[in-house]
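model.cif, holding mmCIF, C-alpha atoms and all ligand atoms:
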data_final
loop_
_atom_site.label_atom_id
_atom_site.label_comp_id
_atom_site.auth_asym_id
_atom_site.auth_seq_id
_atom_site.Cartn_x
_atom_site.Cartn_y
_atom_site.Cartn_z
CA MET A 267 91.70 123.13 94.06
CA PRO A 268 88.14 122.44 92.98
CA ASN A 269 88.82 122.02 89.24
CA ALA A 270 91.72 120.57 87.31
CA LYS A 271 92.43 120.04 83.64
CA ALA A 272 92.78 116.41 82.66
CA TYR A 273 92.57 113.84 79.87
CA SER A 274 89.90 111.18 80.30
CA ALA A 275 88.37 108.31 78.34
CA ALA A 276 84.59 107.90 78.28
CA SER A 277 84.54 104.21 77.31
CA ALA A 278 86.77 101.26 76.43
CA THR A 279 86.68 102.26 72.78
CA SER A 280 86.97 106.04 73.18
CA PRO A 281 90.20 107.97 72.81
CA LEU A 282 91.52 110.06 75.70
CA THR A 283 90.28 113.64 75.32
CA SER A 284 90.50 116.93 77.19
CA ASP A 285 88.25 117.22 80.24
CA THR A 286 87.76 119.20 83.45
CA ILE A 287 87.61 117.26 86.71
CA GLU A 288 86.98 118.08 90.33
CA ARG A 289 89.73 117.73 92.96
CA ARG A 290 88.90 117.96 96.64
CA ASP A 291 89.54 121.05 98.77
CA LEU A 292 92.60 120.61 100.93
CA ILE A 293 92.00 118.94 104.28
CA GLU A 294 94.45 118.90 107.14
CA HIS A 295 96.72 116.02 106.06
CA ASP A 296 96.61 116.88 102.36
CA VAL A 297 99.28 118.02 99.96
CA GLU A 298 98.27 119.88 96.80
CA ILE A 299 100.56 119.16 93.86
CA GLU A 300 101.03 120.83 90.51
CA ILE A 301 101.79 117.89 88.21
CA LEU A 302 104.84 118.45 85.99
CA PHE A 303 105.29 115.01 84.38
CA CYS A 304 103.32 111.76 84.34
CA GLY A 305 104.62 108.51 82.88
CA ILE A 306 102.48 106.24 80.70
CA CYS A 307 102.35 102.74 82.18
CA HIS A 308 100.99 99.78 80.21
CA SER A 309 98.54 99.37 83.12
CA ASP A 310 97.00 102.71 82.05
CA LEU A 311 96.31 101.19 78.65
CA HIS A 312 94.93 97.92 80.13
CA ALA A 313 92.62 100.03 82.34
CA VAL A 314 91.48 102.57 79.73
CA ARG A 315 90.53 99.71 77.40
CA ASN A 316 88.91 97.74 80.25
CA GLU A 317 91.17 94.74 79.61
CA TRP A 318 90.96 93.71 83.28
CA SER A 319 87.14 94.13 83.24
CA ASN A 320 87.01 96.49 86.24
CA THR A 321 87.14 99.98 84.78
CA VAL A 322 84.67 102.67 85.81
CA TYR A 323 84.17 105.47 83.24
CA PRO A 324 85.14 108.16 82.76
CA ILE A 325 88.68 107.18 83.64
CA VAL A 326 91.62 109.56 84.15
CA PRO A 327 94.67 107.28 84.18
CA GLY A 328 98.21 108.04 85.38
CA HIS A 329 100.13 106.76 88.40
CA GLU A 330 103.67 107.91 87.69
CA ILE A 331 103.32 111.46 88.96
CA VAL A 332 106.03 114.02 89.60
CA GLY A 333 105.26 117.58 90.58
CA ARG A 334 105.75 120.52 92.87
CA VAL A 335 103.88 121.17 96.11
CA THR A 336 101.66 124.26 95.84
CA GLN A 337 99.84 124.13 99.20
CA VAL A 338 99.72 121.95 102.31
CA GLY A 339 97.02 121.29 104.93
CA SER A 340 97.35 122.50 108.52
CA ALA A 341 98.60 119.15 109.87
CA VAL A 342 101.23 118.53 107.17
CA THR A 343 104.73 118.54 108.60
CA GLN A 344 106.78 116.68 106.00
CA PHE A 345 106.22 118.91 102.97
CA LYS A 346 106.07 122.60 102.13
CA PRO A 347 105.19 124.61 99.01
CA GLY A 348 107.93 124.36 96.39
CA ASP A 349 109.05 120.82 97.31
CA LEU A 350 109.54 118.33 94.47
CA VAL A 351 107.40 115.26 95.11
CA GLY A 352 106.08 112.08 93.57
CA VAL A 353 102.89 110.05 93.78
CA GLY A 354 102.70 106.46 92.60
CA CYS A 355 99.92 103.89 92.31
CA MET A 356 98.30 104.43 95.73
CA VAL A 357 96.73 107.44 97.46
CA ASP A 358 95.23 105.90 100.62
CA SER A 359 94.98 102.77 102.78
CA ASP A 360 93.49 101.99 106.19
CA SER A 361 96.84 102.26 108.14
CA THR A 362 95.59 99.72 110.68
CA CYS A 363 95.70 96.29 109.00
CA PRO A 364 98.73 93.97 109.33
CA GLN A 365 99.82 94.77 105.77
CA CYS A 366 99.84 98.53 106.38
CA LYS A 367 101.73 97.99 109.64
CA ALA A 368 104.30 95.93 107.73
CA GLY A 369 104.78 98.70 105.15
CA LEU A 370 102.93 96.73 102.48
CA GLU A 371 100.12 99.21 101.83
CA GLN A 372 99.68 97.76 98.35
CA PHE A 373 98.17 94.63 99.93
CA CYS A 374 95.84 96.51 102.35
CA PRO A 375 92.26 95.28 101.85
CA ASN A 376 91.21 98.95 101.78
CA VAL A 377 93.95 100.31 99.55
CA ILE A 378 92.86 103.16 97.29
CA PHE A 379 94.64 103.27 93.99
CA THR A 380 95.46 106.56 92.30
CA TYR A 381 92.77 106.02 89.68
CA ASN A 382 89.69 103.83 89.29
CA SER A 383 89.27 103.25 93.08
CA PRO A 384 86.33 104.50 95.19
CA ASP A 385 86.81 108.17 96.15
CA LYS A 386 85.58 108.64 99.72
CA HIS A 387 85.88 112.43 99.48
CA LEU A 388 84.05 113.25 96.26
CA GLY A 389 82.17 110.03 95.47
CA GLY A 390 82.73 108.17 92.21
CA VAL A 391 86.26 106.99 91.55
CA THR A 392 89.72 108.49 91.99
CA TYR A 393 91.26 110.30 89.04
CA GLY A 394 94.92 109.87 88.16
CA GLY A 395 97.83 111.92 86.94
CA TYR A 396 96.99 112.82 83.32
CA SER A 397 96.07 116.16 84.85
CA ASP A 398 97.60 119.46 85.93
CA GLY A 399 97.01 118.96 89.64
CA VAL A 400 96.13 116.47 92.37
CA VAL A 401 95.43 116.48 96.13
CA VAL A 402 96.93 113.55 98.08
CA ASP A 403 97.22 112.56 101.74
CA GLN A 404 100.80 113.25 102.87
CA ARG A 405 101.35 109.56 103.76
CA PHE A 406 101.30 108.74 100.05
CA VAL A 407 103.53 111.59 98.89
CA LEU A 408 107.21 110.77 98.21
CA ARG A 409 110.27 113.01 98.30
CA VAL A 410 112.08 113.30 94.97
CA PRO A 411 115.90 113.63 94.96
CA SER A 412 116.87 117.06 93.61
CA ASN A 413 119.68 115.85 91.31
CA LEU A 414 117.53 113.84 88.88
CA ASP A 415 115.81 114.76 85.60
CA LEU A 416 112.11 115.03 86.44
CA ALA A 417 110.73 113.59 83.20
CA GLY A 418 112.80 110.47 83.89
CA VAL A 419 111.84 110.36 87.57
CA ALA A 420 108.09 110.06 86.92
CA PRO A 421 108.30 106.40 85.73
CA LEU A 422 110.18 105.44 88.90
CA LEU A 423 106.90 105.83 90.79
CA CYS A 424 105.52 102.66 89.17
CA ALA A 425 107.96 101.00 86.74
CA GLY A 426 110.79 101.74 89.18
CA ILE A 427 109.31 100.38 92.38
CA THR A 428 107.63 97.43 90.60
CA THR A 429 111.01 96.12 89.51
CA TYR A 430 113.11 97.29 92.49
CA SER A 431 110.86 95.57 95.04
CA PRO A 432 110.97 91.94 93.76
CA LEU A 433 114.69 92.17 93.00
CA ARG A 434 115.25 93.24 96.62
CA TYR A 435 112.75 90.73 98.05
CA HIS A 436 114.52 87.87 96.23
CA SER A 437 117.92 89.24 97.38
CA VAL A 438 119.38 89.68 93.92
CA THR A 439 123.05 90.36 94.35
CA LYS A 440 126.55 90.08 92.86
CA GLY A 441 127.38 86.69 91.40
CA GLN A 442 123.80 85.82 90.47
CA LYS A 443 122.45 85.28 86.97
CA VAL A 444 119.25 87.26 86.51
CA GLY A 445 116.91 87.33 83.51
CA VAL A 446 114.59 90.19 82.57
CA VAL A 447 111.84 89.26 80.11
CA GLY A 448 110.53 92.13 77.94
CA LEU A 449 112.41 95.38 77.44
CA GLY A 450 109.66 97.95 77.91
CA GLY A 451 109.00 100.44 80.71
CA LEU A 452 109.27 97.93 83.55
CA GLY A 453 111.90 95.76 81.84
CA HIS A 454 114.40 98.54 81.23
CA MET A 455 114.16 99.60 84.90
CA GLY A 456 114.62 95.95 85.94
CA VAL A 457 117.83 95.84 83.90
CA LYS A 458 119.13 99.05 85.49
CA PHE A 459 118.42 97.85 89.04
CA ALA A 460 119.66 94.26 88.58
CA HIS A 461 122.86 95.69 87.08
CA ALA A 462 123.21 98.18 89.95
CA PHE A 463 122.81 95.29 92.44
CA GLY A 464 125.74 93.54 90.76
CA ALA A 465 123.97 90.66 89.00
CA HIS A 466 124.88 89.18 85.63
CA VAL A 467 121.89 90.39 83.62
CA VAL A 468 120.38 88.67 80.59
CA VAL A 469 117.59 90.40 78.65
CA PHE A 470 115.00 88.36 76.75
CA THR A 471 113.38 90.39 74.01
CA THR A 472 111.14 89.81 71.02
CA SER A 473 112.59 92.96 69.41
CA PRO A 474 116.07 92.32 67.90
CA ASP A 475 116.51 96.07 67.35
CA LYS A 476 116.62 96.63 71.13
CA LYS A 477 119.86 94.63 71.50
CA GLU A 478 122.30 97.57 71.55
CA ASP A 479 120.11 99.50 73.97
CA ALA A 480 119.84 96.53 76.32
CA LEU A 481 123.63 96.37 76.59
CA ARG A 482 123.85 100.15 77.12
CA LEU A 483 121.20 99.93 79.88
CA GLY A 484 123.30 97.39 81.80
CA ALA A 485 122.61 93.94 80.33
CA ASP A 486 125.55 91.54 80.00
CA GLU A 487 123.81 89.40 77.39
CA VAL A 488 120.75 89.73 75.16
CA VAL A 489 118.68 86.80 73.90
CA VAL A 490 116.12 87.14 71.12
CA SER A 491 113.45 84.96 72.67
CA ARG A 492 111.97 83.80 69.37
CA ASN A 493 115.29 82.05 68.63
CA ALA A 494 114.99 78.56 70.17
CA ASP A 495 118.73 77.80 69.88
CA GLU A 496 119.70 80.95 71.75
CA MET A 497 117.17 80.11 74.47
CA GLN A 498 118.36 76.50 74.75
CA LYS A 499 121.89 77.62 75.67
CA HIS A 500 120.59 79.07 78.96
CA THR A 501 118.64 76.01 80.18
CA GLY A 502 118.87 75.46 83.94
CA SER A 503 121.11 78.45 84.62
CA PHE A 504 119.15 81.34 86.15
CA ASP A 505 118.88 82.20 89.84
CA PHE A 506 116.03 84.61 89.22
CA ILE A 507 113.89 85.78 86.29
CA LEU A 508 111.67 88.86 86.27
CA ASP A 509 108.85 88.61 83.72
CA THR A 510 107.48 92.02 82.66
CA VAL A 511 105.54 90.99 79.56
CA SER A 512 102.16 92.67 79.05
CA ALA A 513 100.65 90.12 76.64
CA ASP A 514 100.01 86.41 76.30
CA HIS A 515 103.26 84.39 76.17
CA ASP A 516 104.66 80.99 77.17
CA ILE A 517 106.17 81.21 80.65
CA ASN A 518 107.17 77.54 80.65
CA THR A 519 110.01 78.46 78.32
CA TYR A 520 111.39 80.72 81.06
CA LEU A 521 110.68 78.40 84.00
CA ASN A 522 112.84 75.83 82.20
CA LEU A 523 115.75 78.27 82.22
CA LEU A 524 115.84 78.38 86.05
CA ARG A 525 118.49 76.47 87.98
CA PRO A 526 117.24 74.15 90.76
CA ASP A 527 115.37 76.23 93.37
CA GLY A 528 115.35 79.24 91.06
CA ASN A 529 112.41 81.64 91.08
CA LEU A 530 110.46 83.37 88.34
CA THR A 531 108.50 86.41 89.47
CA LEU A 532 105.70 87.80 87.35
CA VAL A 533 105.11 91.52 87.40
CA GLY A 534 103.53 91.75 83.95
CA ALA A 535 99.75 91.51 84.10
CA PRO A 536 98.43 90.07 80.83
CA PRO A 537 94.63 89.95 80.86
CA LYS A 538 94.41 86.23 79.90
CA PRO A 539 95.43 83.42 82.33
CA LEU A 540 98.85 81.88 81.66
CA GLU A 541 99.30 78.13 81.14
CA ILE A 542 101.80 76.36 83.38
CA ALA A 543 103.06 72.83 82.79
CA ALA A 544 103.56 70.98 86.09
CA PHE A 545 106.95 69.75 84.90
CA SER A 546 108.20 73.33 84.48
CA LEU A 547 107.90 73.66 88.26
CA ILE A 548 108.50 70.17 89.68
CA MET A 549 111.69 69.55 87.74
CA GLY A 550 114.25 71.57 89.70
CA ARG A 551 111.85 72.60 92.49
CA HIS A 552 111.27 75.87 90.66
CA SER A 553 108.99 78.48 92.17
CA LEU A 554 106.72 80.97 90.50
CA SER A 555 105.57 84.09 92.27
CA GLY A 556 104.17 87.54 91.64
CA SER A 557 104.76 91.03 92.94
CA ASN A 558 102.67 94.18 92.94
CA ILE A 559 104.40 97.59 93.05
CA GLY A 560 105.92 98.12 96.54
CA GLY A 561 105.08 99.79 99.86
CA ILE A 562 105.52 103.50 100.53
CA ALA A 563 108.69 103.17 102.63
CA GLU A 564 110.29 100.95 100.00
CA THR A 565 109.26 103.39 97.26
CA GLN A 566 111.08 106.16 99.15
CA GLU A 567 114.09 103.85 99.57
CA MET A 568 114.05 103.20 95.80
CA LEU A 569 113.89 106.94 95.00
CA ASP A 570 116.78 107.64 97.37
CA PHE A 571 118.77 104.76 95.79
CA CYS A 572 118.11 106.32 92.36
CA GLY A 573 119.30 109.71 93.66
CA GLU A 574 122.53 108.18 94.97
CA HIS A 575 123.21 106.13 91.85
CA ASN A 576 121.90 108.63 89.29
CA ILE A 577 119.23 106.29 87.97
CA THR A 578 116.19 107.49 86.01
CA ALA A 579 114.02 106.00 83.29
CA ASP A 580 114.95 106.53 79.64
CA VAL A 581 112.01 108.59 78.44
CA GLU A 582 110.44 109.98 75.31
CA VAL A 583 108.78 113.20 76.48
CA ILE A 584 105.47 113.90 74.74
CA PRO A 585 102.75 116.54 74.96
CA ILE A 586 99.45 115.19 76.24
CA GLN A 587 97.90 115.74 72.81
CA LYS A 588 100.00 112.74 71.59
CA VAL A 589 98.72 110.35 74.24
CA ASN A 590 96.50 108.24 71.96
CA GLU A 591 99.31 107.85 69.45
CA ALA A 592 101.58 106.82 72.35
CA TYR A 593 99.10 104.08 73.36
CA ASP A 594 99.14 102.67 69.82
CA ARG A 595 102.93 102.62 69.86
CA LEU A 596 102.98 100.98 73.31
CA LEU A 597 100.96 98.11 71.88
CA LYS A 598 103.60 97.62 69.18
CA SER A 599 106.44 97.59 71.80
CA ASP A 600 107.60 100.81 70.14
CA VAL A 601 108.74 102.90 73.10
CA LYS A 602 112.28 103.61 74.30
CA TYR A 603 111.58 103.06 77.06
CA ARG A 604 108.81 105.06 78.71
CA PHE A 605 106.58 107.87 77.52
CA SER A 606 106.59 110.77 79.97
CA ILE A 607 103.87 113.39 79.47
CA ASP A 608 104.97 117.01 79.90
CA MET A 609 101.97 118.49 81.68
CA ALA A 610 102.83 122.02 80.58
CA SER A 611 101.13 120.90 77.35
CA LEU A 612 97.77 120.82 79.19
CA LYS A 613 97.85 124.61 79.58
CA SER A 614 96.84 125.07 75.95
CA GLU A 615 93.68 122.94 76.37
P1 LIG B 701 105.55 97.94 78.05
O1 LIG B 701 106.38 99.15 78.19
O2 LIG B 701 104.54 97.86 76.97
O3 LIG B 701 106.54 96.68 78.00
C1 LIG B 701 106.12 95.38 77.81
C2 LIG B 701 107.17 94.63 76.99
O4 LIG B 701 106.76 93.27 76.90
C3 LIG B 701 107.31 95.10 75.57
O5 LIG B 701 108.17 96.20 75.41
C4 LIG B 701 107.87 93.86 74.90
O6 LIG B 701 109.28 93.80 75.10
C5 LIG B 701 107.23 92.72 75.66
N1 LIG B 701 106.08 92.16 74.94
C6 LIG B 701 104.96 92.81 74.52
N2 LIG B 701 104.13 91.97 73.90
C7 LIG B 701 104.74 90.76 73.92
C8 LIG B 701 104.36 89.46 73.45
N3 LIG B 701 103.20 89.27 72.79
N4 LIG B 701 105.22 88.43 73.66
C9 LIG B 701 106.39 88.63 74.30
N5 LIG B 701 106.79 89.83 74.76
C10 LIG B 701 105.97 90.87 74.57
O7 LIG B 701 104.71 97.69 79.40
P2 LIG B 701 105.09 98.05 80.93
O8 LIG B 701 104.51 99.38 81.26
O9 LIG B 701 106.49 97.75 81.16
O10 LIG B 701 104.15 97.00 81.70
C11 LIG B 701 104.35 95.60 81.52
C12 LIG B 701 103.26 94.82 82.21
O11 LIG B 701 103.41 94.99 83.63
C13 LIG B 701 101.83 95.28 81.91
O12 LIG B 701 100.99 94.13 81.83
C14 LIG B 701 101.46 96.13 83.11
O13 LIG B 701 100.07 96.18 83.34
C15 LIG B 701 102.16 95.36 84.20
N6 LIG B 701 102.45 96.13 85.42
C16 LIG B 701 102.43 95.47 86.60
C17 LIG B 701 102.76 96.11 87.77
C18 LIG B 701 102.79 95.38 89.06
O14 LIG B 701 102.82 96.02 90.11
N7 LIG B 701 102.85 94.07 89.04
C19 LIG B 701 103.09 97.48 87.74
C20 LIG B 701 103.13 98.11 86.52
C21 LIG B 701 102.82 97.44 85.36
P3 LIG B 701 110.29 93.32 73.94
O15 LIG B 701 110.07 94.27 72.80
O16 LIG B 701 111.61 93.46 74.58
O17 LIG B 701 109.94 91.90 73.63
ZN ZN B 702 102.04 101.27 86.44
#
What is this file in structure tokens?
Ligand code: NAP
Ligand code: ZN
Amino acid sequence: MPNAKAYSAASATSPLTSDTIERRDLIEHDVEIEILFCGICHSDLHAVRNEWSNTVYPIVPGHEIVGRVTQVGSAVTQFKPGDLVGVGCMVDSDSTCPQCKAGLEQFCPNVIFTYNSPDKHLGGVTYGGYSDGVVVDQRFVLRVPSNLDLAGVAPLLCAGITTYSPLRYHSVTKGQKVGVVGLGGLGHMGVKFAHAFGAHVVVFTTSPDKKEDALRLGADEVVVSRNADEMQKHTGSFDFILDTVSADHDINTYLNLLRPDGNLTLVGAPPKPLEIAAFSLIMGRHSLSGSNIGGIAETQEMLDFCGEHNITADVEVIPIQKVNEAYDRLLKSDVKYRFSIDMASLKSE
């Protein structure tokens, strides 16, 4: 597959436009995938606009990939042409470090992300899923349950695993009170999983119009976070809070809602450092931690869980020609609850 159609951005201030990119020829452990859908993660927007100051241009974003296998290399045993598969945020790692051996490839010092990481095969950087095809080492290809809607499966590959993993790591279970801050792509998956794990789920949103949806998605209560009285009522009561917010916000407000020994885990990645008051942590022995996606085995576990429980993302399917408009809407928190690009739309480019 030497050439693929794609959408790329040439600089932090350029829109995404149609492009042709090179993909490597299949080598023995490789799987060639025709991409059917790719979700739009807020990380794509942070990266395209160089908000984390590490973007190499041109960039082809996209790490919520679902597609169909078209060809496999000679040493591939797990996949065959026609299989439905997914690719998330990673496409390679060294397989030898302690993190890889523990199934935490995302923390491998040599992890290669799906886009904007060094490409050892072609030089330059890796190109992501806003494209009609990709070639990926079989170790980073996931099996997709056959009973799920594919447009809604794509976001599971990042938004899904990013919320599933910390909820599992912190043993969220029945009887616990769990908060989810921000009802966007990650947040709405966090609500679905926390609900499926049996927790009492409270959504914190800045968008009062998302209240009904939050309840439909599995929340037991919804708090409009700009309302201080509503917030006050929950002081000292949460076992666990998952913070998915993409922009600057006051996390002390949420730390103060934890019960003694409660934990707040950040998955949102706002570009600016967050301010933390010592008293938000020391009063109640609260802890603050972070989490980055999840390992490959856990990603497969999450997909299988979604297959068994019929869980997918709520998506607005768009043609790729609407991607720049979708970014503008993402910045206004105007997405219910993930954009999923139908890659058939690339054929007309
Ligand atoms: P998203 O769909 O844009 O959702 C973010 C939500 O945060 C919005 O819907 C909004 O929810 C809330 N929000 C936005 N601006 C806010 C503000 N100024 N104050 C308070 N709340 C605000 O984004 P996403 O794709 O879910 O990604 C969320 C963040 O997670 C991004 O920073 C992304 O880069 C990061 N991320 C991290 C990982 C990881 O592995 N750790 C993986 C993927 C993404 P309401 O309307 O409900 O208030
Ligand atoms: Zn993502």
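Closest to Val400 of chain A among A:Gly448, A:Gly453, A:Lys598, A:Lys271 is A:Lys271, based on all atoms listed in the file.
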Checklist entry - Do you have the atom CA of His552 of chain A-atom CA of Asn522 of chain A distance handy? => result 8.6 Å
Next on the checklist: Within 7 Å of ligand ZN 702 (chain B) (counting all atoms listed in the file), which residues show up? I'd like them as a ChimeraX atom specification.
Outcome noted: /A:307-310,329-330,355,424-425
Checklist entry - Suppose you want the space between atom CA of Val402 of chain A and atom P2 of ligand LIG 701 (chain B); what is it in Å? => result 24.5 Å
Checklist entry - Would you name the residues within 6 Å of ligand LIG 701 (chain B), counting all atoms listed in the file, and put them as number ranges by chain? => result A: 307-309, 424-425, 428, 448-453, 471-473, 510-515, 533-536, 557-559, 596, 599
Write out the residues from the selection above, keeping C-alpha atoms, as a CSV table (one decimal), keeping the file's coordinate frame.
chain,number,residue,atom,x,y,z
A,307,CYS,CA,102.4,102.7,82.2
A,308,HIS,CA,101.0,99.8,80.2
A,309,SER,CA,98.5,99.4,83.1
A,424,CYS,CA,105.5,102.7,89.2
A,425,ALA,CA,108.0,101.0,86.7
A,428,THR,CA,107.6,97.4,90.6
A,448,GLY,CA,110.5,92.1,77.9
A,449,LEU,CA,112.4,95.4,77.4
A,450,GLY,CA,109.7,98.0,77.9
A,451,GLY,CA,109.0,100.4,80.7
A,452,LEU,CA,109.3,97.9,83.6
A,453,GLY,CA,111.9,95.8,81.8
A,471,THR,CA,113.4,90.4,74.0
A,472,THR,CA,111.1,89.8,71.0
A,473,SER,CA,112.6,93.0,69.4
A,510,THR,CA,107.5,92.0,82.7
A,511,VAL,CA,105.5,91.0,79.6
A,512,SER,CA,102.2,92.7,79.0
A,513,ALA,CA,100.6,90.1,76.6
A,514,ASP,CA,100.0,86.4,76.3
A,515,HIS,CA,103.3,84.4,76.2
A,533,VAL,CA,105.1,91.5,87.4
A,534,GLY,CA,103.5,91.8,84.0
A,535,ALA,CA,99.8,91.5,84.1
A,536,PRO,CA,98.4,90.1,80.8
A,557,SER,CA,104.8,91.0,92.9
A,558,ASN,CA,102.7,94.2,92.9
A,559,ILE,CA,104.4,97.6,93.0
A,596,LEU,CA,103.0,101.0,73.3
A,599,SER,CA,106.4,97.6,71.8
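The space between atom CA of Ile287 of chain A and atom CA of Ser606 of chain A spans 21.2 Å.
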Item to check | Protein and nucleic acid residues near (113.4, 104.6, 80.1) (cut-off 12 Å, only C-alpha atoms) as a PyMOL selection string | outcome: chain A and resi 305-307+415+417-422+425-426+449-458+479-480+482-483+577-583+601-606
With C-alpha atoms retained, could you export that selection as a CSV table (one decimal), in the coordinates of the input?
chain,number,residue,atom,x,y,z
A,305,GLY,CA,104.6,108.5,82.9
A,306,ILE,CA,102.5,106.2,80.7
A,307,CYS,CA,102.4,102.7,82.2
A,415,ASP,CA,115.8,114.8,85.6
A,417,ALA,CA,110.7,113.6,83.2
A,418,GLY,CA,112.8,110.5,83.9
A,419,VAL,CA,111.8,110.4,87.6
A,420,ALA,CA,108.1,110.1,86.9
A,421,PRO,CA,108.3,106.4,85.7
A,422,LEU,CA,110.2,105.4,88.9
A,425,ALA,CA,108.0,101.0,86.7
A,426,GLY,CA,110.8,101.7,89.2
A,449,LEU,CA,112.4,95.4,77.4
A,450,GLY,CA,109.7,98.0,77.9
A,451,GLY,CA,109.0,100.4,80.7
A,452,LEU,CA,109.3,97.9,83.6
A,453,GLY,CA,111.9,95.8,81.8
A,454,HIS,CA,114.4,98.5,81.2
A,455,MET,CA,114.2,99.6,84.9
A,456,GLY,CA,114.6,96.0,85.9
A,457,VAL,CA,117.8,95.8,83.9
A,458,LYS,CA,119.1,99.0,85.5
A,479,ASP,CA,120.1,99.5,74.0
A,480,ALA,CA,119.8,96.5,76.3
A,482,ARG,CA,123.8,100.2,77.1
A,483,LEU,CA,121.2,99.9,79.9
A,577,ILE,CA,119.2,106.3,88.0
A,578,THR,CA,116.2,107.5,86.0
A,579,ALA,CA,114.0,106.0,83.3
A,580,ASP,CA,115.0,106.5,79.6
A,581,VAL,CA,112.0,108.6,78.4
A,582,GLU,CA,110.4,110.0,75.3
A,583,VAL,CA,108.8,113.2,76.5
A,601,VAL,CA,108.7,102.9,73.1
A,602,LYS,CA,112.3,103.6,74.3
A,603,TYR,CA,111.6,103.1,77.1
A,604,ARG,CA,108.8,105.1,78.7
A,605,PHE,CA,106.6,107.9,77.5
A,606,SER,CA,106.6,110.8,80.0
